[in-house]
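run-v6.cif (mmCIF, C-alpha atoms and all ligand atoms)
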data_input
#
loop_
_atom_site.group_PDB
_atom_site.id
_atom_site.type_symbol
_atom_site.label_atom_id
_atom_site.label_comp_id
_atom_site.auth_asym_id
_atom_site.auth_seq_id
_atom_site.Cartn_x
_atom_site.Cartn_y
_atom_site.Cartn_z
ATOM 1 C CA MET I 1355 -104.573 183.882 72.112
ATOM 2 C CA GLN I 1356 -108.318 184.408 71.549
ATOM 3 C CA THR I 1357 -108.934 188.097 70.809
ATOM 4 C CA THR I 1358 -112.576 188.008 69.734
ATOM 5 C CA THR I 1359 -114.230 191.411 69.571
ATOM 6 C CA ALA I 1360 -117.845 192.421 69.055
ATOM 7 C CA HIS I 1361 -118.637 194.240 65.810
ATOM 8 C CA LYS I 1362 -121.946 195.603 64.571
ATOM 9 C CA ILE I 1363 -123.654 194.746 61.251
ATOM 10 C CA ASP I 1364 -124.054 197.717 58.867
ATOM 11 C CA SER I 1365 -125.733 195.910 55.986
ATOM 12 C CA ILE I 1366 -126.322 192.633 54.246
ATOM 13 C CA ARG I 1367 -126.324 192.777 50.435
ATOM 14 C CA TRP I 1368 -127.409 189.702 48.503
ATOM 15 C CA VAL I 1369 -125.306 189.173 45.361
ATOM 16 C CA SER I 1370 -127.118 185.987 44.282
ATOM 17 C CA ASP I 1371 -129.952 183.952 45.744
ATOM 18 C CA ALA I 1372 -127.419 182.093 47.937
ATOM 19 C CA ALA I 1373 -124.552 184.516 48.605
ATOM 20 C CA PHE I 1374 -124.345 187.854 50.372
ATOM 21 C CA VAL I 1375 -121.853 190.539 51.344
ATOM 22 C CA LEU I 1376 -121.912 191.204 55.071
ATOM 23 C CA ARG I 1377 -120.658 194.662 56.010
ATOM 24 C CA PHE I 1378 -119.765 195.515 59.609
ATOM 25 C CA ASP I 1379 -117.921 198.217 61.479
ATOM 26 C CA ARG I 1380 -114.136 197.991 61.358
ATOM 27 C CA ARG I 1381 -113.153 199.087 64.863
ATOM 28 C CA ASP I 1382 -109.672 199.954 63.529
ATOM 29 C CA LEU I 1383 -108.925 196.304 62.821
ATOM 30 C CA PRO I 1384 -105.764 196.228 60.662
ATOM 31 C CA PHE I 1385 -105.314 193.546 57.999
ATOM 32 C CA ALA I 1386 -103.317 192.769 54.883
ATOM 33 C CA PRO I 1387 -105.212 192.056 51.629
ATOM 34 C CA GLY I 1388 -105.677 188.284 51.319
ATOM 35 C CA GLN I 1389 -106.028 187.639 55.047
ATOM 36 C CA TYR I 1390 -109.149 186.163 56.614
ATOM 37 C CA LEU I 1391 -111.195 186.699 59.751
ATOM 38 C CA SER I 1392 -112.889 184.234 62.040
ATOM 39 C CA VAL I 1393 -116.543 185.291 62.260
ATOM 40 C CA GLY I 1394 -119.578 183.952 64.070
ATOM 41 C CA PRO I 1395 -122.901 184.833 65.667
ATOM 42 C CA SER I 1396 -122.409 186.811 68.872
ATOM 43 C CA GLY I 1397 -122.444 184.792 72.091
ATOM 44 C CA GLU I 1398 -121.732 181.433 70.424
ATOM 45 C CA ILE I 1399 -118.624 179.322 70.184
ATOM 46 C CA ASN I 1400 -119.265 178.576 66.477
ATOM 47 C CA MET I 1401 -117.021 180.658 64.249
ATOM 48 C CA ARG I 1402 -115.803 180.124 60.676
ATOM 49 C CA GLU I 1403 -113.100 181.629 58.488
ATOM 50 C CA TYR I 1404 -113.990 184.277 55.879
ATOM 51 C CA SER I 1405 -111.574 186.177 53.630
ATOM 52 C CA VAL I 1406 -111.810 189.933 53.843
ATOM 53 C CA TYR I 1407 -113.698 191.152 50.746
ATOM 54 C CA SER I 1408 -113.318 194.909 51.241
ATOM 55 C CA ALA I 1409 -110.162 196.942 50.620
ATOM 56 C CA PRO I 1410 -107.989 198.080 53.559
ATOM 57 C CA SER I 1411 -108.723 201.722 52.673
ATOM 58 C CA GLU I 1412 -112.412 201.289 53.598
ATOM 59 C CA GLU I 1413 -113.712 202.311 57.013
ATOM 60 C CA PHE I 1414 -115.806 199.138 57.176
ATOM 61 C CA LEU I 1415 -115.104 195.417 56.782
ATOM 62 C CA GLU I 1416 -116.900 193.140 54.338
ATOM 63 C CA ILE I 1417 -116.980 189.390 53.843
ATOM 64 C CA LEU I 1418 -118.613 187.436 50.994
ATOM 65 C CA VAL I 1419 -120.529 184.439 52.332
ATOM 66 C CA LYS I 1420 -122.250 181.602 50.531
ATOM 67 C CA VAL I 1421 -125.083 179.908 52.412
ATOM 68 C CA VAL I 1422 -123.973 176.293 52.438
ATOM 69 C CA ASP I 1423 -126.662 173.584 52.308
ATOM 70 C CA GLY I 1424 -126.830 172.047 55.777
ATOM 71 C CA GLY I 1425 -124.225 174.529 57.027
ATOM 72 C CA TYR I 1426 -124.561 176.189 60.428
ATOM 73 C CA VAL I 1427 -122.611 179.462 60.592
ATOM 74 C CA SER I 1428 -123.249 180.613 57.002
ATOM 75 C CA ARG I 1429 -126.985 180.164 57.573
ATOM 76 C CA ARG I 1430 -126.897 181.995 60.908
ATOM 77 C CA LEU I 1431 -124.945 184.915 59.382
ATOM 78 C CA ALA I 1432 -127.583 185.169 56.626
ATOM 79 C CA GLU I 1433 -130.238 185.812 59.300
ATOM 80 C CA LEU I 1434 -128.484 188.882 60.733
ATOM 81 C CA THR I 1435 -129.884 192.382 60.268
ATOM 82 C CA PRO I 1436 -128.317 195.865 60.611
ATOM 83 C CA GLY I 1437 -127.446 196.655 64.215
ATOM 84 C CA ASP I 1438 -126.940 193.023 65.235
ATOM 85 C CA PRO I 1439 -123.618 192.163 66.925
ATOM 86 C CA ILE I 1440 -121.192 189.566 65.529
ATOM 87 C CA ALA I 1441 -118.018 188.082 66.961
ATOM 88 C CA VAL I 1442 -114.825 188.665 64.968
ATOM 89 C CA ASP I 1443 -111.305 187.352 65.514
ATOM 90 C CA GLY I 1444 -108.148 187.878 63.476
ATOM 91 C CA PRO I 1445 -106.820 188.721 60.979
ATOM 92 C CA PHE I 1446 -105.063 185.474 60.094
ATOM 93 C CA GLY I 1447 -103.251 183.941 57.137
ATOM 94 C CA TYR I 1448 -100.459 184.420 54.654
ATOM 95 C CA PHE I 1449 -102.360 184.510 51.335
ATOM 96 C CA THR I 1450 -100.886 187.936 50.706
ATOM 97 C CA VAL I 1451 -98.720 189.602 48.068
ATOM 98 C CA ASP I 1452 -95.250 191.023 48.627
ATOM 99 C CA ASP I 1453 -94.424 194.737 48.546
ATOM 100 C CA ASP I 1454 -92.782 194.239 45.124
ATOM 101 C CA TRP I 1455 -96.176 193.395 43.516
ATOM 102 C CA ARG I 1456 -95.686 196.065 40.830
ATOM 103 C CA ASP I 1457 -92.804 194.024 39.365
ATOM 104 C CA HIS I 1458 -94.856 190.882 38.785
ATOM 105 C CA ARG I 1459 -97.653 189.410 36.696
ATOM 106 C CA TYR I 1460 -100.358 187.635 38.717
ATOM 107 C CA VAL I 1461 -102.853 184.956 37.772
ATOM 108 C CA PHE I 1462 -105.710 184.569 40.255
ATOM 109 C CA ILE I 1463 -107.768 181.399 40.074
ATOM 110 C CA ALA I 1464 -110.972 181.139 42.104
ATOM 111 C CA THR I 1465 -114.006 178.947 42.469
ATOM 112 C CA GLY I 1466 -117.224 180.392 43.912
ATOM 113 C CA THR I 1467 -116.674 182.698 46.891
ATOM 114 C CA GLY I 1468 -112.944 182.063 46.477
ATOM 115 C CA ILE I 1469 -113.054 185.298 44.473
ATOM 116 C CA SER I 1470 -113.194 187.205 47.777
ATOM 117 C CA PRO I 1471 -109.457 187.844 48.404
ATOM 118 C CA PHE I 1472 -109.034 188.870 44.750
ATOM 119 C CA HIS I 1473 -111.833 191.428 45.134
ATOM 120 C CA CYS I 1474 -109.818 192.790 48.058
ATOM 121 C CA PHE I 1475 -106.583 192.807 45.991
ATOM 122 C CA ALA I 1476 -108.336 194.672 43.136
ATOM 123 C CA GLY I 1477 -109.370 197.400 45.584
ATOM 124 C CA ALA I 1478 -106.027 197.502 47.364
ATOM 125 C CA TYR I 1479 -103.605 197.466 44.429
ATOM 126 C CA PRO I 1480 -104.750 199.733 41.571
ATOM 127 C CA GLY I 1481 -102.583 199.154 38.511
ATOM 128 C CA MET I 1482 -101.803 195.562 39.440
ATOM 129 C CA ASP I 1483 -101.064 193.356 36.420
ATOM 130 C CA TYR I 1484 -103.358 190.386 36.882
ATOM 131 C CA GLN I 1485 -105.697 187.979 35.185
ATOM 132 C CA LEU I 1486 -108.557 186.450 37.132
ATOM 133 C CA LEU I 1487 -110.120 183.091 36.264
ATOM 134 C CA HIS I 1488 -113.422 182.610 38.077
ATOM 135 C CA GLY I 1489 -115.064 179.213 38.043
ATOM 136 C CA VAL I 1490 -118.766 179.054 38.893
ATOM 137 C CA ARG I 1491 -121.737 176.823 38.221
ATOM 138 C CA THR I 1492 -124.127 179.483 36.886
ATOM 139 C CA SER I 1493 -123.924 183.061 35.625
ATOM 140 C CA ALA I 1494 -125.737 184.206 38.799
ATOM 141 C CA GLU I 1495 -122.536 183.496 40.738
ATOM 142 C CA ARG I 1496 -120.512 186.220 38.981
ATOM 143 C CA TYR I 1497 -120.275 188.131 42.255
ATOM 144 C CA ASP I 1498 -119.572 191.853 41.694
ATOM 145 C CA HIS I 1499 -117.636 191.164 38.483
ATOM 146 C CA GLU I 1500 -118.015 194.787 37.403
ATOM 147 C CA VAL I 1501 -115.347 195.699 39.985
ATOM 148 C CA PHE I 1502 -112.727 193.949 37.846
ATOM 149 C CA GLU I 1503 -111.490 195.345 34.519
ATOM 150 C CA ARG I 1504 -113.376 193.423 31.830
ATOM 151 C CA THR I 1505 -110.226 192.417 29.968
ATOM 152 C CA ARG I 1506 -108.704 190.923 33.105
ATOM 153 C CA ILE I 1507 -111.437 188.479 34.031
ATOM 154 C CA VAL I 1508 -112.314 185.141 32.428
ATOM 155 C CA THR I 1509 -115.477 183.489 33.707
ATOM 156 C CA CYS I 1510 -115.607 179.711 33.457
ATOM 157 C CA ILE I 1511 -119.158 178.430 33.865
ATOM 158 C CA THR I 1512 -119.980 174.752 33.963
ATOM 159 C CA GLY I 1513 -123.769 175.089 33.955
ATOM 160 C CA ASP I 1514 -124.585 177.281 30.959
ATOM 161 C CA ASN I 1515 -123.037 178.781 27.834
ATOM 162 C CA SER I 1516 -123.177 182.444 28.912
ATOM 163 C CA SER I 1517 -119.486 182.671 29.745
ATOM 164 C CA ASP I 1518 -116.060 183.347 28.316
ATOM 165 C CA TYR I 1519 -115.343 179.647 28.756
ATOM 166 C CA HIS I 1520 -117.820 176.785 29.079
ATOM 167 C CA GLY I 1521 -116.288 174.402 31.608
ATOM 168 C CA ARG I 1522 -114.107 174.353 34.709
ATOM 169 C CA VAL I 1523 -111.149 176.643 35.370
ATOM 170 C CA THR I 1524 -108.937 173.552 35.210
ATOM 171 C CA GLY I 1525 -110.270 172.846 31.689
ATOM 172 C CA TYR I 1526 -109.385 176.405 30.734
ATOM 173 C CA LEU I 1527 -105.843 175.936 32.100
ATOM 174 C CA ARG I 1528 -105.414 172.655 30.207
ATOM 175 C CA ASP I 1529 -106.572 174.291 26.964
ATOM 176 C CA LEU I 1530 -104.171 177.174 27.577
ATOM 177 C CA ARG I 1531 -101.301 174.751 28.211
ATOM 178 C CA ASP I 1532 -101.983 173.136 24.826
ATOM 179 C CA GLN I 1533 -101.988 176.454 22.937
ATOM 180 C CA GLU I 1534 -98.912 178.101 21.477
ATOM 181 C CA SER I 1535 -99.070 181.038 23.919
ATOM 182 C CA GLY I 1536 -99.129 178.463 26.719
ATOM 183 C CA ILE I 1537 -99.012 179.008 30.457
ATOM 184 C CA ASN I 1538 -96.917 181.929 31.652
ATOM 185 C CA THR I 1539 -94.256 180.285 33.820
ATOM 186 C CA ALA I 1540 -92.997 183.657 35.099
ATOM 187 C CA ALA I 1541 -96.327 184.703 36.676
ATOM 188 C CA ARG I 1542 -97.308 184.262 40.307
ATOM 189 C CA TYR I 1543 -100.361 182.029 40.694
ATOM 190 C CA TYR I 1544 -102.848 182.475 43.552
ATOM 191 C CA LEU I 1545 -105.521 179.792 43.893
ATOM 192 C CA CYS I 1546 -108.520 180.035 46.194
ATOM 193 C CA GLY I 1547 -111.614 177.917 46.733
ATOM 194 C CA ASN I 1548 -112.332 174.212 46.925
ATOM 195 C CA CYS I 1549 -109.445 171.791 47.342
ATOM 196 C CA ASP I 1550 -110.260 169.614 44.312
ATOM 197 C CA MET I 1551 -109.769 172.574 41.966
ATOM 198 C CA ILE I 1552 -106.619 173.654 43.788
ATOM 199 C CA TYR I 1553 -104.918 170.224 43.652
ATOM 200 C CA GLU I 1554 -105.823 169.772 39.983
ATOM 201 C CA ALA I 1555 -104.675 173.275 39.012
ATOM 202 C CA PHE I 1556 -101.402 172.817 40.956
ATOM 203 C CA ASP I 1557 -100.662 169.672 38.918
ATOM 204 C CA ILE I 1558 -101.386 171.417 35.603
ATOM 205 C CA LEU I 1559 -99.278 174.448 36.489
ATOM 206 C CA GLN I 1560 -96.355 172.443 37.861
ATOM 207 C CA ASP I 1561 -96.396 170.140 34.809
ATOM 208 C CA ALA I 1562 -96.297 173.267 32.631
ATOM 209 C CA GLY I 1563 -93.126 174.378 34.441
ATOM 210 C CA VAL I 1564 -94.367 176.935 36.993
ATOM 211 C CA PRO I 1565 -91.918 176.767 39.946
ATOM 212 C CA HIS I 1566 -93.531 175.835 43.270
ATOM 213 C CA ASN I 1567 -92.420 179.101 44.886
ATOM 214 C CA GLN I 1568 -94.724 180.946 42.448
ATOM 215 C CA LEU I 1569 -97.771 178.974 43.581
ATOM 216 C CA PHE I 1570 -99.936 180.113 46.509
ATOM 217 C CA ALA I 1571 -103.163 178.569 47.752
ATOM 218 C CA GLU I 1572 -106.026 179.226 50.176
ATOM 219 C CA VAL I 1573 -108.240 176.160 50.648
ATOM 220 C CA TYR I 1574 -111.813 176.932 51.749
ATOM 221 C CA PHE I 1575 -113.177 173.393 52.029
HETATM 222 C C1 LIG S 1 -109.144 180.290 55.211
HETATM 223 C C2 LIG S 1 -110.617 180.135 54.837
HETATM 224 C C3 LIG S 1 -111.282 181.212 54.278
HETATM 225 C C4 LIG S 1 -112.635 181.081 53.910
HETATM 226 N N1 LIG S 1 -113.259 182.136 53.326
HETATM 227 C C5 LIG S 1 -114.554 182.013 52.926
HETATM 228 C C6 LIG S 1 -115.217 183.115 52.280
HETATM 229 O O1 LIG S 1 -114.628 184.204 52.051
HETATM 230 N N2 LIG S 1 -116.528 182.935 51.914
HETATM 231 C C7 LIG S 1 -117.195 181.741 52.143
HETATM 232 O O2 LIG S 1 -118.386 181.655 51.794
HETATM 233 N N3 LIG S 1 -116.584 180.700 52.768
HETATM 234 C C8 LIG S 1 -115.304 180.811 53.179
HETATM 235 N N4 LIG S 1 -114.691 179.766 53.825
HETATM 236 C C9 LIG S 1 -115.519 178.594 54.212
HETATM 237 C C10 LIG S 1 -116.188 178.928 55.573
HETATM 238 O O3 LIG S 1 -115.187 179.042 56.577
HETATM 239 C C11 LIG S 1 -117.185 177.864 56.037
HETATM 240 O O4 LIG S 1 -116.602 176.591 55.919
HETATM 241 C C12 LIG S 1 -118.488 177.897 55.264
HETATM 242 O O5 LIG S 1 -119.139 179.171 55.403
HETATM 243 C C13 LIG S 1 -119.454 176.796 55.790
HETATM 244 O O6 LIG S 1 -119.655 176.994 57.154
HETATM 245 P P1 LIG S 1 -121.010 176.450 57.825
HETATM 246 O O7 LIG S 1 -120.852 176.568 59.312
HETATM 247 O O8 LIG S 1 -122.188 177.069 57.205
HETATM 248 O O9 LIG S 1 -121.002 174.914 57.405
HETATM 249 P P2 LIG S 1 -120.562 173.682 58.338
HETATM 250 O O10 LIG S 1 -121.710 173.355 59.207
HETATM 251 O O11 LIG S 1 -119.243 173.987 58.994
HETATM 252 O O12 LIG S 1 -120.205 172.556 57.260
HETATM 253 C C14 LIG S 1 -121.009 172.164 56.184
HETATM 254 C C15 LIG S 1 -120.184 171.521 55.064
HETATM 255 O O13 LIG S 1 -120.051 172.466 53.998
HETATM 256 C C16 LIG S 1 -118.755 172.381 53.390
HETATM 257 N N5 LIG S 1 -118.488 173.688 52.762
HETATM 258 C C17 LIG S 1 -117.819 174.750 53.273
HETATM 259 N N6 LIG S 1 -117.815 175.784 52.411
HETATM 260 C C18 LIG S 1 -118.511 175.354 51.320
HETATM 261 C C19 LIG S 1 -118.867 175.958 50.101
HETATM 262 N N7 LIG S 1 -118.507 177.227 49.792
HETATM 263 N N8 LIG S 1 -119.597 175.246 49.204
HETATM 264 C C20 LIG S 1 -119.964 173.975 49.470
HETATM 265 N N9 LIG S 1 -119.660 173.329 50.632
HETATM 266 C C21 LIG S 1 -118.940 174.015 51.542
HETATM 267 C C22 LIG S 1 -117.848 171.992 54.540
HETATM 268 O O14 LIG S 1 -116.700 171.352 54.043
HETATM 269 C C23 LIG S 1 -118.744 171.066 55.369
HETATM 270 O O15 LIG S 1 -118.631 169.746 54.876
HETATM 271 C C24 LIG S 1 -113.331 179.851 54.149
HETATM 272 C C25 LIG S 1 -112.636 178.789 54.740
HETATM 273 C C26 LIG S 1 -111.304 178.907 55.058
HETATM 274 C C27 LIG S 1 -110.594 177.729 55.676
#
What is this structure when it is put down as structure tokens?
Ligand SMILES: Cc1cc2nc3c(=O)[nH]c(=O)nc-3n(C[C@H](O)[C@H](O)[C@H](O)COP(=O)(O)OP(=O)(O)OC[C@H]3O[C@@H](n4cnc5c(N)ncnc54)[C@H](O)[C@@H]3O)c2cc1C
Amino acid sequence: MQTTTAHKIDSIRWVSDAAFVLRFDRRDLPFAPGQYLSVGPSGEINMREYSVYSAPSEEFLEILVKVVDGGYVSRRLAELTPGDPIAVDGPFGYFTVDDDWRDHRYVFIATGTGISPFHCFAGAYPGMDYQLLHGVRTSAERYDHEVFERTRIVTCITGDNSSDYHGRVTGYLRDLRDQESGINTAARYYLCGNCDMIYEAFDILQDAGVPHNQLFAEVYF
């Protein structure tokens, strides 16, 4: 059932020259960390999916949006200003963690704006035992990294050498697999972003012995 409601923009905060955090009023919308909303310009049929970026304890909602070359909705959302209405539907999705999260080690693997649900997790679950691998093209795409504990985040940058790891997140995983410490087969792996990375990482992790019921994915495109 379509349950689209009108929300109002509070702010738009650019976190790189091509990505921004859109904040809008919550209107008591409940959601679980990891879920996404369907969002679009008010009065149009065009809506797209965006993971919730903000924590459930906040009075507002935030999404992290990259302006896609030739894209329609991401470009239209970038033109909004405070006070403008937007259409919101949801929440949807099952990219969530169980109530027993304190008993587990998590490895989050993201490309680009795929970091969004993990930003939400970090705000929602203080004390969570996680490591975050973030794959980006340039250092400018390290969206709000200061929110994450420094020791928990590994940035993998393909475009320059200013990172913890020069290369793709899948290269990092392969290198890890070949080291003595290896890949932790007891951890729960959450992968979010483009499908090429997700398929490749799934293969590496499954080959290393991670059971399929410890692998979770959210494909953006
Ligand atoms: C469950 C889910 C959650 C999502 N969450 C987010 C999110 O939190 N933040 C976010 O920015 N996007 C997210 N997306 C992608 C988003 O829904 C849109 O696809 C994206 O904003 C492009 O929409 P558009 O209308 O501008 O482009 P369109 O006009 O629909 O399409 C343009 C093309 O861009 C491709 N594309 C989509 N996303 C990207 C990208 N990031 N980089 C390069 N090419 C891309 C599409 O495959 C398509 O070929 C999510 C997608 C899904 C399915």
Could you write out as a list in words the residues that the PyMOL selection byres (((chain I and resi 1447) around 12) and not hetatm) matches in the shown file?
->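 Those residues are Phe1385, Ala1386, Pro1387, Gly1388, Gln1389, Tyr1390, Leu1391, Ser1392, Glu1403, Tyr1404, Ser1405, Val1406, Gly1444, Pro1445, Phe1446, Tyr1448, Phe1449, Thr1450, Val1451, Pro1471, Phe1570, Ala1571, Glu1572 and Val1573 of chain I.
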Can you list, as a list of chain:residue names, the residues that the PyMOL selection byres (((not hetatm)) within 7 of (chain S and resi 1)) selects here?
->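 Evaluating the PyMOL selection byres (((not hetatm)) within 7 of (chain S and resi 1)) on these coordinates yields I:Tyr1390, I:Arg1402, I:Glu1403, I:Tyr1404, I:Ser1405, I:Val1406, I:Ile1417, I:Leu1418, I:Val1419, I:Lys1420, I:Val1421, I:Val1422, I:Asp1423, I:Gly1424, I:Gly1425, I:Tyr1426, I:Val1427, I:Ser1428, I:Arg1429, I:Gly1466, I:Thr1467, I:Gly1468, I:Ser1470, I:Glu1572, I:Val1573, I:Tyr1574, I:Phe1575.
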At a cut-off of 7 Å, can you tabulate as CSV every residue of region 1481-1537 of chain I near region 1541-1562 of chain I together with its closest atom pair and the distance in Å to one decimal, using all atoms listed in the file and ordering rows by chain then number?
residue,atom,partner,partner_atom,distance
I:Thr1524,CA,I:Ala1555,CA,5.7
I:Arg1528,CA,I:Ile1558,CA,6.8
I:Arg1531,CA,I:Ala1562,CA,6.8
I:Ile1537,CA,I:Ala1562,CA,6.7
Please provide the set of residues having any atom within 10 Å of region 1370-1383 of chain I, restricted to all atoms listed in the file, with same-chain residues fewer than 4 positions apart removed, written as a VMD selection string.
-> chain I and resid 1359 to 1366 1407 to 1408 1410 1412 to 1423 1428 to 1429 1431 to 1432 1434 to 1440 1442 to 1445 1466 to 1467 1470 1493 to 1498
Grab the residues selected above and save them as a PDB file, in the frame of the given file with C-alpha atoms.
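Listing of again.pdb after writing:
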ATOM      1  CA  THR I1359    -114.230 191.411  69.571  1.00  0.00           C
ATOM      2  CA  ALA I1360    -117.845 192.421  69.055  1.00  0.00           C
ATOM      3  CA  HIS I1361    -118.637 194.240  65.810  1.00  0.00           C
ATOM      4  CA  LYS I1362    -121.946 195.603  64.571  1.00  0.00           C
ATOM      5  CA  ILE I1363    -123.654 194.746  61.251  1.00  0.00           C
ATOM      6  CA  ASP I1364    -124.054 197.717  58.867  1.00  0.00           C
ATOM      7  CA  SER I1365    -125.733 195.910  55.986  1.00  0.00           C
ATOM      8  CA  ILE I1366    -126.322 192.633  54.246  1.00  0.00           C
ATOM      9  CA  TYR I1407    -113.698 191.152  50.746  1.00  0.00           C
ATOM     10  CA  SER I1408    -113.318 194.909  51.241  1.00  0.00           C
ATOM     11  CA  PRO I1410    -107.989 198.080  53.559  1.00  0.00           C
ATOM     12  CA  GLU I1412    -112.412 201.289  53.598  1.00  0.00           C
ATOM     13  CA  GLU I1413    -113.712 202.311  57.013  1.00  0.00           C
ATOM     14  CA  PHE I1414    -115.806 199.138  57.176  1.00  0.00           C
ATOM     15  CA  LEU I1415    -115.104 195.417  56.782  1.00  0.00           C
ATOM     16  CA  GLU I1416    -116.900 193.140  54.338  1.00  0.00           C
ATOM     17  CA  ILE I1417    -116.980 189.390  53.843  1.00  0.00           C
ATOM     18  CA  LEU I1418    -118.613 187.436  50.994  1.00  0.00           C
ATOM     19  CA  VAL I1419    -120.529 184.439  52.332  1.00  0.00           C
ATOM     20  CA  LYS I1420    -122.250 181.602  50.531  1.00  0.00           C
ATOM     21  CA  VAL I1421    -125.083 179.908  52.412  1.00  0.00           C
ATOM     22  CA  VAL I1422    -123.973 176.293  52.438  1.00  0.00           C
ATOM     23  CA  ASP I1423    -126.662 173.584  52.308  1.00  0.00           C
ATOM     24  CA  SER I1428    -123.249 180.613  57.002  1.00  0.00           C
ATOM     25  CA  ARG I1429    -126.985 180.164  57.573  1.00  0.00           C
ATOM     26  CA  LEU I1431    -124.945 184.915  59.382  1.00  0.00           C
ATOM     27  CA  ALA I1432    -127.583 185.169  56.626  1.00  0.00           C
ATOM     28  CA  LEU I1434    -128.484 188.882  60.733  1.00  0.00           C
ATOM     29  CA  THR I1435    -129.884 192.382  60.268  1.00  0.00           C
ATOM     30  CA  PRO I1436    -128.317 195.865  60.611  1.00  0.00           C
ATOM     31  CA  GLY I1437    -127.446 196.655  64.215  1.00  0.00           C
ATOM     32  CA  ASP I1438    -126.940 193.023  65.235  1.00  0.00           C
ATOM     33  CA  PRO I1439    -123.618 192.163  66.925  1.00  0.00           C
ATOM     34  CA  ILE I1440    -121.192 189.566  65.529  1.00  0.00           C
ATOM     35  CA  VAL I1442    -114.825 188.665  64.968  1.00  0.00           C
ATOM     36  CA  ASP I1443    -111.305 187.352  65.514  1.00  0.00           C
ATOM     37  CA  GLY I1444    -108.148 187.878  63.476  1.00  0.00           C
ATOM     38  CA  PRO I1445    -106.820 188.721  60.979  1.00  0.00           C
ATOM     39  CA  GLY I1466    -117.224 180.392  43.912  1.00  0.00           C
ATOM     40  CA  THR I1467    -116.674 182.698  46.891  1.00  0.00           C
ATOM     41  CA  SER I1470    -113.194 187.205  47.777  1.00  0.00           C
ATOM     42  CA  SER I1493    -123.924 183.061  35.625  1.00  0.00           C
ATOM     43  CA  ALA I1494    -125.737 184.206  38.799  1.00  0.00           C
ATOM     44  CA  GLU I1495    -122.536 183.496  40.738  1.00  0.00           C
ATOM     45  CA  ARG I1496    -120.512 186.220  38.981  1.00  0.00           C
ATOM     46  CA  TYR I1497    -120.275 188.131  42.255  1.00  0.00           C
ATOM     47  CA  ASP I1498    -119.572 191.853  41.694  1.00  0.00           C
TER      48      ASP I1498
END
Any idea what the distance is between CA of Pro1395 (chain I) and CA of Phe1475 (chain I)?
->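 We find that CA of Pro1395 (chain I) and CA of Phe1475 (chain I) lie 26.8 Å from each other.
CA of Ser1396 (chain I) lies 27.7 Å from CA of Phe1472 (chain I).
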Rank nothing, just name the residue among I:Ala1476, I:Gln1485, I:Pro1565, I:Ala1540 nearest to Asp1457 (chain I), using all atoms listed in the file.
-> I:Ala1540
Do you have the CA of Cys1510 (chain I)-CA of Arg1430 (chain I) distance handy?
->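 Computing it gives 29.8 Å between the two atoms.
Between Gly1536 (chain I) and the residues I:Ile1511, I:Gly1477, I:Gly1563, I:Val1393, the shortest atom-to-atom distance, using only C-alpha atoms, involves I:Gly1563.
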